[in-house]
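Student: Provided herewith is a single structure, encoded as structure tokens, for subsequent inquiry.
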Amino acid sequence: DTGVSQNPRHKITKRGQNVTFRCDPISEHNRLYWYRQTLGQGPEFLTYFQNEAQLEKSRLLSDRFSAERPKGSFSTLEIQRTEQGDSAMYLCASSLSTQETQYFGPGTRLLVL
Amino acid sequence: AQSVAQPEDQVNVAEGNPLTVKCTYSVSGNPYLFWYVQYPNRGLQFLLKYITGDNLVKGSYGFEAEFNKSQTSFHLKKPSALVSDSALYFCAVRPLAGGFKTIFGAGTRLFVKA
């Protein structure tokens with residue numbers, strides 16, 4: 001069973017550094033989502049892709065954040081000049097356009113020192 | 001503003017008793033509604049969803065949820081709780097108007113005591 005995978009699972013970085021996370025969705029899923037989850041909160045929507053097109057971005061996604069899905073398969077989320085407030089769990093989910101159920105990966109936990 | 005409320009941070013129930021985890025929402029139009037569960041050190045797992053049709057939907061692990069349009073609620077229920085149901089539960093709403101954003105509640109921790 002190849003579910004949604006995310007790498008790395010954990011990332012510790014120093015403030016000001018750039019980090020990149022990868023998400024591999026379920027292979028036939030054409031929709032891909034990124035969320036951020038902080039302690040005691042539910043996931044917050046960041047951005048959405050349908051195939052390779054980024055169709056929606058949250059206001060939470062500042063200019064330091066960029067996401068790509070170049071071939072409509074895996075996606076990357078990059079955070080430039082990280083800040084301590086970026087420390088969170090970053091979740092990726094995928095779904096089929098014919099269904100509304102999102103399947104989540106295990107997340108990447110980011111700690112910015 | 002569109003929002004999802006889970007009014008209880010924690011729900012405690014004895015094993016074998018029925019459980020209810022509450023969810024209310026405020027969105028424009030008719031939304032899609034979901035429940036997800038999160039176990040420690042694991043990703044969110046889909047439990048059930050309401051898209052259209054019967055207001056009572058059944059999902060995984062014996063859970064069900066009732067959509068109440070007039071009260072804008074989507075409470076999660078199970079007739080007989082198990083200790084293994086102890087986890088963090090999230091209600092989520094996708095408004096049909098205005099994009100693909102899904103809004104999650106803050107979560108309710110369910111503790112089932114043996």
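Chain labels follow the order of the structure tokens: the first chain is A, the next B, and so on; residue numbering restarts at 1 in every chain, and ligands are counted from 1 in their shown order.
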Kindly determine which residues of chain B lie within 6 Å of chain A, considering only C-alpha atoms, and give the answer as a ChimeraX atom specification.
Tutor: /B:42-44,104-107
Student: List the spatial neighbours of range 11-24 of chain B as a PyMOL selection string - criterion: any atom at most 9 Å away, only C-alpha atoms, same-chain residues fewer than 5 positions off excluded.
Tutor: chain B and resi 3-6+71-83+89-92+105+108-114
Student: Would you mind telling me which residue in B:Ser86, B:Ser26, B:Ala1, B:Val93 lies nearest to Pro40 in chain B when using only C-alpha atoms?
Tutor: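 Closest to Pro40 in chain B of all the choices is B:Ser86.
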Student: Could you check the closest approach to Tyr90 in chain A for each of A:Lys14, A:Arg36, A:Arg69, A:Arg22 and tell me which residue wins, using only C-alpha atoms?
Tutor: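 Closest candidate: A:Arg36.
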Student: Of the candidates A:Ser87, A:Arg59, A:Ala53, A:Leu110, which shows the shortest atom-to-atom distance to Arg9 in chain A, using only C-alpha atoms?
Tutor: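 Selected residue with least distance to Arg9 in chain A: A:Leu110.
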Student: If you run DSSP on this backbone, which residues of chain A come out as strand (DSSP E), and could you give them as an mmCIF file with N, CA and C atoms, in the first residue's frame?
Tutor:
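The file below, result_26.cif, is the result:
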```cif
data_model
loop_
_atom_site.group_PDB
_atom_site.id
_atom_site.type_symbol
_atom_site.label_atom_id
_atom_site.label_comp_id
_atom_site.auth_asym_id
_atom_site.auth_seq_id
_atom_site.Cartn_x
_atom_site.Cartn_y
_atom_site.Cartn_z
ATOM 1 N N SER A 5 3.673 9.906 0.947
ATOM 2 C CA SER A 5 4.921 9.932 1.707
ATOM 3 C C SER A 5 5.500 11.342 1.721
ATOM 4 N N GLN A 6 6.191 11.647 2.799
ATOM 5 C CA GLN A 6 6.802 12.960 2.953
ATOM 6 C C GLN A 6 8.230 12.795 3.466
ATOM 7 N N ASN A 7 9.112 13.621 2.935
ATOM 8 C CA ASN A 7 10.509 13.610 3.364
ATOM 9 C C ASN A 7 11.067 15.025 3.431
ATOM 10 N N HIS A 10 11.664 14.801 9.811
ATOM 11 C CA HIS A 10 12.035 15.821 10.794
ATOM 12 C C HIS A 10 13.120 16.701 10.188
ATOM 13 N N LYS A 11 13.066 17.997 10.540
ATOM 14 C CA LYS A 11 14.086 18.930 10.056
ATOM 15 C C LYS A 11 14.326 19.971 11.137
ATOM 16 N N ILE A 12 15.592 20.093 11.534
ATOM 17 C CA ILE A 12 15.994 21.137 12.467
ATOM 18 C C ILE A 12 16.902 22.082 11.708
ATOM 19 N N THR A 13 16.612 23.362 11.776
ATOM 20 C CA THR A 13 17.406 24.328 11.033
ATOM 21 C C THR A 13 17.592 25.582 11.863
ATOM 22 N N VAL A 19 14.786 25.807 3.734
ATOM 23 C CA VAL A 19 14.481 24.379 3.837
ATOM 24 C C VAL A 19 13.524 24.001 2.718
ATOM 25 N N THR A 20 13.603 22.749 2.310
ATOM 26 C CA THR A 20 12.712 22.221 1.272
ATOM 27 C C THR A 20 12.165 20.878 1.709
ATOM 28 N N PHE A 21 10.867 20.725 1.556
ATOM 29 C CA PHE A 21 10.200 19.478 1.903
ATOM 30 C C PHE A 21 9.625 18.860 0.632
ATOM 31 N N ARG A 22 9.553 17.530 0.638
ATOM 32 C CA ARG A 22 9.013 16.834 -0.525
ATOM 33 C C ARG A 22 7.792 16.022 -0.143
ATOM 34 N N CYS A 23 6.847 15.971 -1.031
ATOM 35 C CA CYS A 23 5.646 15.152 -0.865
ATOM 36 C C CYS A 23 5.446 14.309 -2.112
ATOM 37 N N ASP A 24 5.275 13.005 -1.906
ATOM 38 C CA ASP A 24 4.914 12.095 -2.993
ATOM 39 C C ASP A 24 3.489 11.620 -2.751
ATOM 40 N N ARG A 31 -4.975 15.745 -7.346
ATOM 41 C CA ARG A 31 -5.043 16.900 -6.450
ATOM 42 C C ARG A 31 -4.032 16.734 -5.318
ATOM 43 N N LEU A 32 -3.373 17.836 -4.965
ATOM 44 C CA LEU A 32 -2.382 17.800 -3.899
ATOM 45 C C LEU A 32 -2.518 19.066 -3.063
ATOM 46 N N TYR A 33 -2.448 18.886 -1.747
ATOM 47 C CA TYR A 33 -2.646 19.990 -0.792
ATOM 48 C C TYR A 33 -1.468 20.036 0.166
ATOM 49 N N TRP A 34 -1.148 21.230 0.610
ATOM 50 C CA TRP A 34 -0.205 21.426 1.712
ATOM 51 C C TRP A 34 -0.922 22.131 2.856
ATOM 52 N N TYR A 35 -0.638 21.668 4.073
ATOM 53 C CA TYR A 35 -1.195 22.261 5.283
ATOM 54 C C TYR A 35 -0.066 22.475 6.286
ATOM 55 N N ARG A 36 -0.325 23.362 7.245
ATOM 56 C CA ARG A 36 0.580 23.544 8.370
ATOM 57 C C ARG A 36 -0.227 23.308 9.645
ATOM 58 N N GLN A 37 0.366 22.554 10.574
ATOM 59 C CA GLN A 37 -0.308 22.271 11.841
ATOM 60 C C GLN A 37 0.609 22.605 12.996
ATOM 61 N N GLU A 44 -3.948 23.881 8.947
ATOM 62 C CA GLU A 44 -4.326 25.116 8.259
ATOM 63 C C GLU A 44 -3.914 24.998 6.798
ATOM 64 N N PHE A 45 -4.850 25.250 5.921
ATOM 65 C CA PHE A 45 -4.611 25.146 4.484
ATOM 66 C C PHE A 45 -3.553 26.150 4.034
ATOM 67 N N LEU A 46 -2.612 25.649 3.235
ATOM 68 C CA LEU A 46 -1.586 26.527 2.663
ATOM 69 C C LEU A 46 -1.782 26.712 1.164
ATOM 70 N N THR A 47 -1.860 25.582 0.423
ATOM 71 C CA THR A 47 -1.952 25.698 -1.018
ATOM 72 C C THR A 47 -2.493 24.420 -1.623
ATOM 73 N N TYR A 48 -2.955 24.521 -2.879
ATOM 74 C CA TYR A 48 -3.613 23.417 -3.570
ATOM 75 C C TYR A 48 -3.144 23.363 -5.026
ATOM 76 N N PHE A 49 -2.874 22.148 -5.484
ATOM 77 C CA PHE A 49 -2.504 21.905 -6.877
ATOM 78 C C PHE A 49 -3.520 20.961 -7.516
ATOM 79 N N GLN A 50 -3.861 21.253 -8.749
ATOM 80 C CA GLN A 50 -4.557 20.268 -9.567
ATOM 81 C C GLN A 50 -3.600 19.961 -10.714
ATOM 82 N N ALA A 53 -0.777 22.567 -11.873
ATOM 83 C CA ALA A 53 -1.215 23.953 -11.687
ATOM 84 C C ALA A 53 -1.537 24.248 -10.220
ATOM 85 N N GLN A 54 -0.914 25.319 -9.726
ATOM 86 C CA GLN A 54 -1.204 25.768 -8.363
ATOM 87 C C GLN A 54 -2.428 26.683 -8.441
ATOM 88 N N LEU A 55 -3.556 26.213 -7.964
ATOM 89 C CA LEU A 55 -4.817 26.907 -8.188
ATOM 90 C C LEU A 55 -5.253 27.772 -7.020
ATOM 91 N N GLU A 56 -4.689 27.529 -5.865
ATOM 92 C CA GLU A 56 -5.126 28.311 -4.712
ATOM 93 C C GLU A 56 -3.998 28.416 -3.693
ATOM 94 N N LYS A 57 -3.849 29.608 -3.126
ATOM 95 C CA LYS A 57 -2.860 29.836 -2.075
ATOM 96 C C LYS A 57 -3.509 30.596 -0.936
ATOM 97 N N PHE A 65 7.475 31.545 1.229
ATOM 98 C CA PHE A 65 7.038 30.181 0.941
ATOM 99 C C PHE A 65 6.792 30.038 -0.560
ATOM 100 N N SER A 66 7.247 28.922 -1.103
ATOM 101 C CA SER A 66 6.918 28.612 -2.490
ATOM 102 C C SER A 66 6.718 27.115 -2.629
ATOM 103 N N ALA A 67 5.751 26.752 -3.440
ATOM 104 C CA ALA A 67 5.448 25.344 -3.667
ATOM 105 C C ALA A 67 5.399 25.092 -5.156
ATOM 106 N N GLU A 68 5.837 23.898 -5.516
ATOM 107 C CA GLU A 68 5.833 23.500 -6.917
ATOM 108 C C GLU A 68 5.356 22.068 -7.048
ATOM 109 N N SER A 75 5.534 16.951 -5.131
ATOM 110 C CA SER A 75 5.523 18.397 -4.896
ATOM 111 C C SER A 75 6.606 18.747 -3.891
ATOM 112 N N THR A 76 7.092 19.971 -3.977
ATOM 113 C CA THR A 76 8.032 20.486 -2.998
ATOM 114 C C THR A 76 7.489 21.774 -2.396
ATOM 115 N N LEU A 77 7.788 21.957 -1.126
ATOM 116 C CA LEU A 77 7.456 23.185 -0.410
ATOM 117 C C LEU A 77 8.758 23.748 0.125
ATOM 118 N N GLU A 78 9.104 24.953 -0.293
ATOM 119 C CA GLU A 78 10.333 25.589 0.152
ATOM 120 C C GLU A 78 10.011 26.777 1.038
ATOM 121 N N ILE A 79 10.737 26.895 2.115
ATOM 122 C CA ILE A 79 10.639 28.062 2.982
ATOM 123 C C ILE A 79 12.001 28.746 2.971
ATOM 124 N N ALA A 88 6.629 24.065 12.907
ATOM 125 C CA ALA A 88 5.308 23.452 12.813
ATOM 126 C C ALA A 88 5.452 22.089 12.159
ATOM 127 N N MET A 89 4.324 21.396 12.072
ATOM 128 C CA MET A 89 4.241 20.179 11.272
ATOM 129 C C MET A 89 3.668 20.573 9.914
ATOM 130 N N TYR A 90 4.345 20.173 8.847
ATOM 131 C CA TYR A 90 3.862 20.477 7.499
ATOM 132 C C TYR A 90 3.301 19.186 6.907
ATOM 133 N N LEU A 91 2.027 19.236 6.567
ATOM 134 C CA LEU A 91 1.300 18.063 6.093
ATOM 135 C C LEU A 91 0.991 18.188 4.614
ATOM 136 N N CYS A 92 1.071 17.064 3.946
ATOM 137 C CA CYS A 92 0.693 16.979 2.538
ATOM 138 C C CYS A 92 -0.463 15.995 2.438
ATOM 139 N N ALA A 93 -1.377 16.265 1.544
ATOM 140 C CA ALA A 93 -2.502 15.365 1.300
ATOM 141 C C ALA A 93 -2.766 15.301 -0.191
ATOM 142 N N SER A 94 -3.364 14.197 -0.626
ATOM 143 C CA SER A 94 -3.721 14.077 -2.036
ATOM 144 C C SER A 94 -5.107 13.477 -2.172
ATOM 145 N N SER A 95 -5.696 13.709 -3.329
ATOM 146 C CA SER A 95 -7.031 13.157 -3.586
ATOM 147 C C SER A 95 -7.267 13.073 -5.085
ATOM 148 N N TYR A 103 -6.167 12.141 1.492
ATOM 149 C CA TYR A 103 -5.335 11.178 2.195
ATOM 150 C C TYR A 103 -4.046 11.890 2.583
ATOM 151 N N PHE A 104 -3.748 11.821 3.866
ATOM 152 C CA PHE A 104 -2.640 12.599 4.410
ATOM 153 C C PHE A 104 -1.375 11.769 4.552
ATOM 154 N N THR A 108 6.046 16.491 7.908
ATOM 155 C CA THR A 108 7.431 16.862 8.187
ATOM 156 C C THR A 108 7.415 17.850 9.342
ATOM 157 N N ARG A 109 8.087 17.481 10.416
ATOM 158 C CA ARG A 109 8.137 18.371 11.578
ATOM 159 C C ARG A 109 9.352 19.278 11.464
ATOM 160 N N LEU A 110 9.115 20.576 11.416
ATOM 161 C CA LEU A 110 10.182 21.569 11.290
ATOM 162 C C LEU A 110 10.385 22.287 12.608
ATOM 163 N N LEU A 111 11.641 22.370 13.023
ATOM 164 C CA LEU A 111 12.014 23.151 14.200
ATOM 165 C C LEU A 111 13.057 24.174 13.774
ATOM 166 N N VAL A 112 12.736 25.430 13.961
ATOM 167 C CA VAL A 112 13.657 26.508 13.614
ATOM 168 C C VAL A 112 14.244 27.071 14.900
#
```
Student: Would you please work out which residue, of B:Tyr39, B:Tyr50, B:Tyr25, B:Phe63, is nearest to Ala87 in chain B when using only C-alpha atoms?
Tutor: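 Checking each of B:Tyr39, B:Tyr50, B:Tyr25, B:Phe63 against Ala87 in chain B, counting only C-alpha atoms, the winner is B:Tyr39.
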Student: I'd like the interatomic distance between CA of Lys49 in chain B and CA of Thr98 in chain A, to a tenth of an Å.
Tutor: 14.2 Å
Student: Quick one, how far is CA of Ile26 in chain A from CA of Gly3 in chain A?
Tutor: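 Those two atoms sit 5.4 Å apart.
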Student: Could you jot down the CA of Arg81 in chain A to CA of Ser62 in chain A separation for me, Å, one decimal place?
Tutor: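 If I compute the distance from CA of Arg81 in chain A to CA of Ser62 in chain A, I get 11.4 Å.
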Student: I need the residue nearest Arg94 in chain B from this list: B:Gly59, B:Asn68, B:Pro31, B:Gln2. Use only C-alpha atoms for the distance.
Tutor: B:Pro31
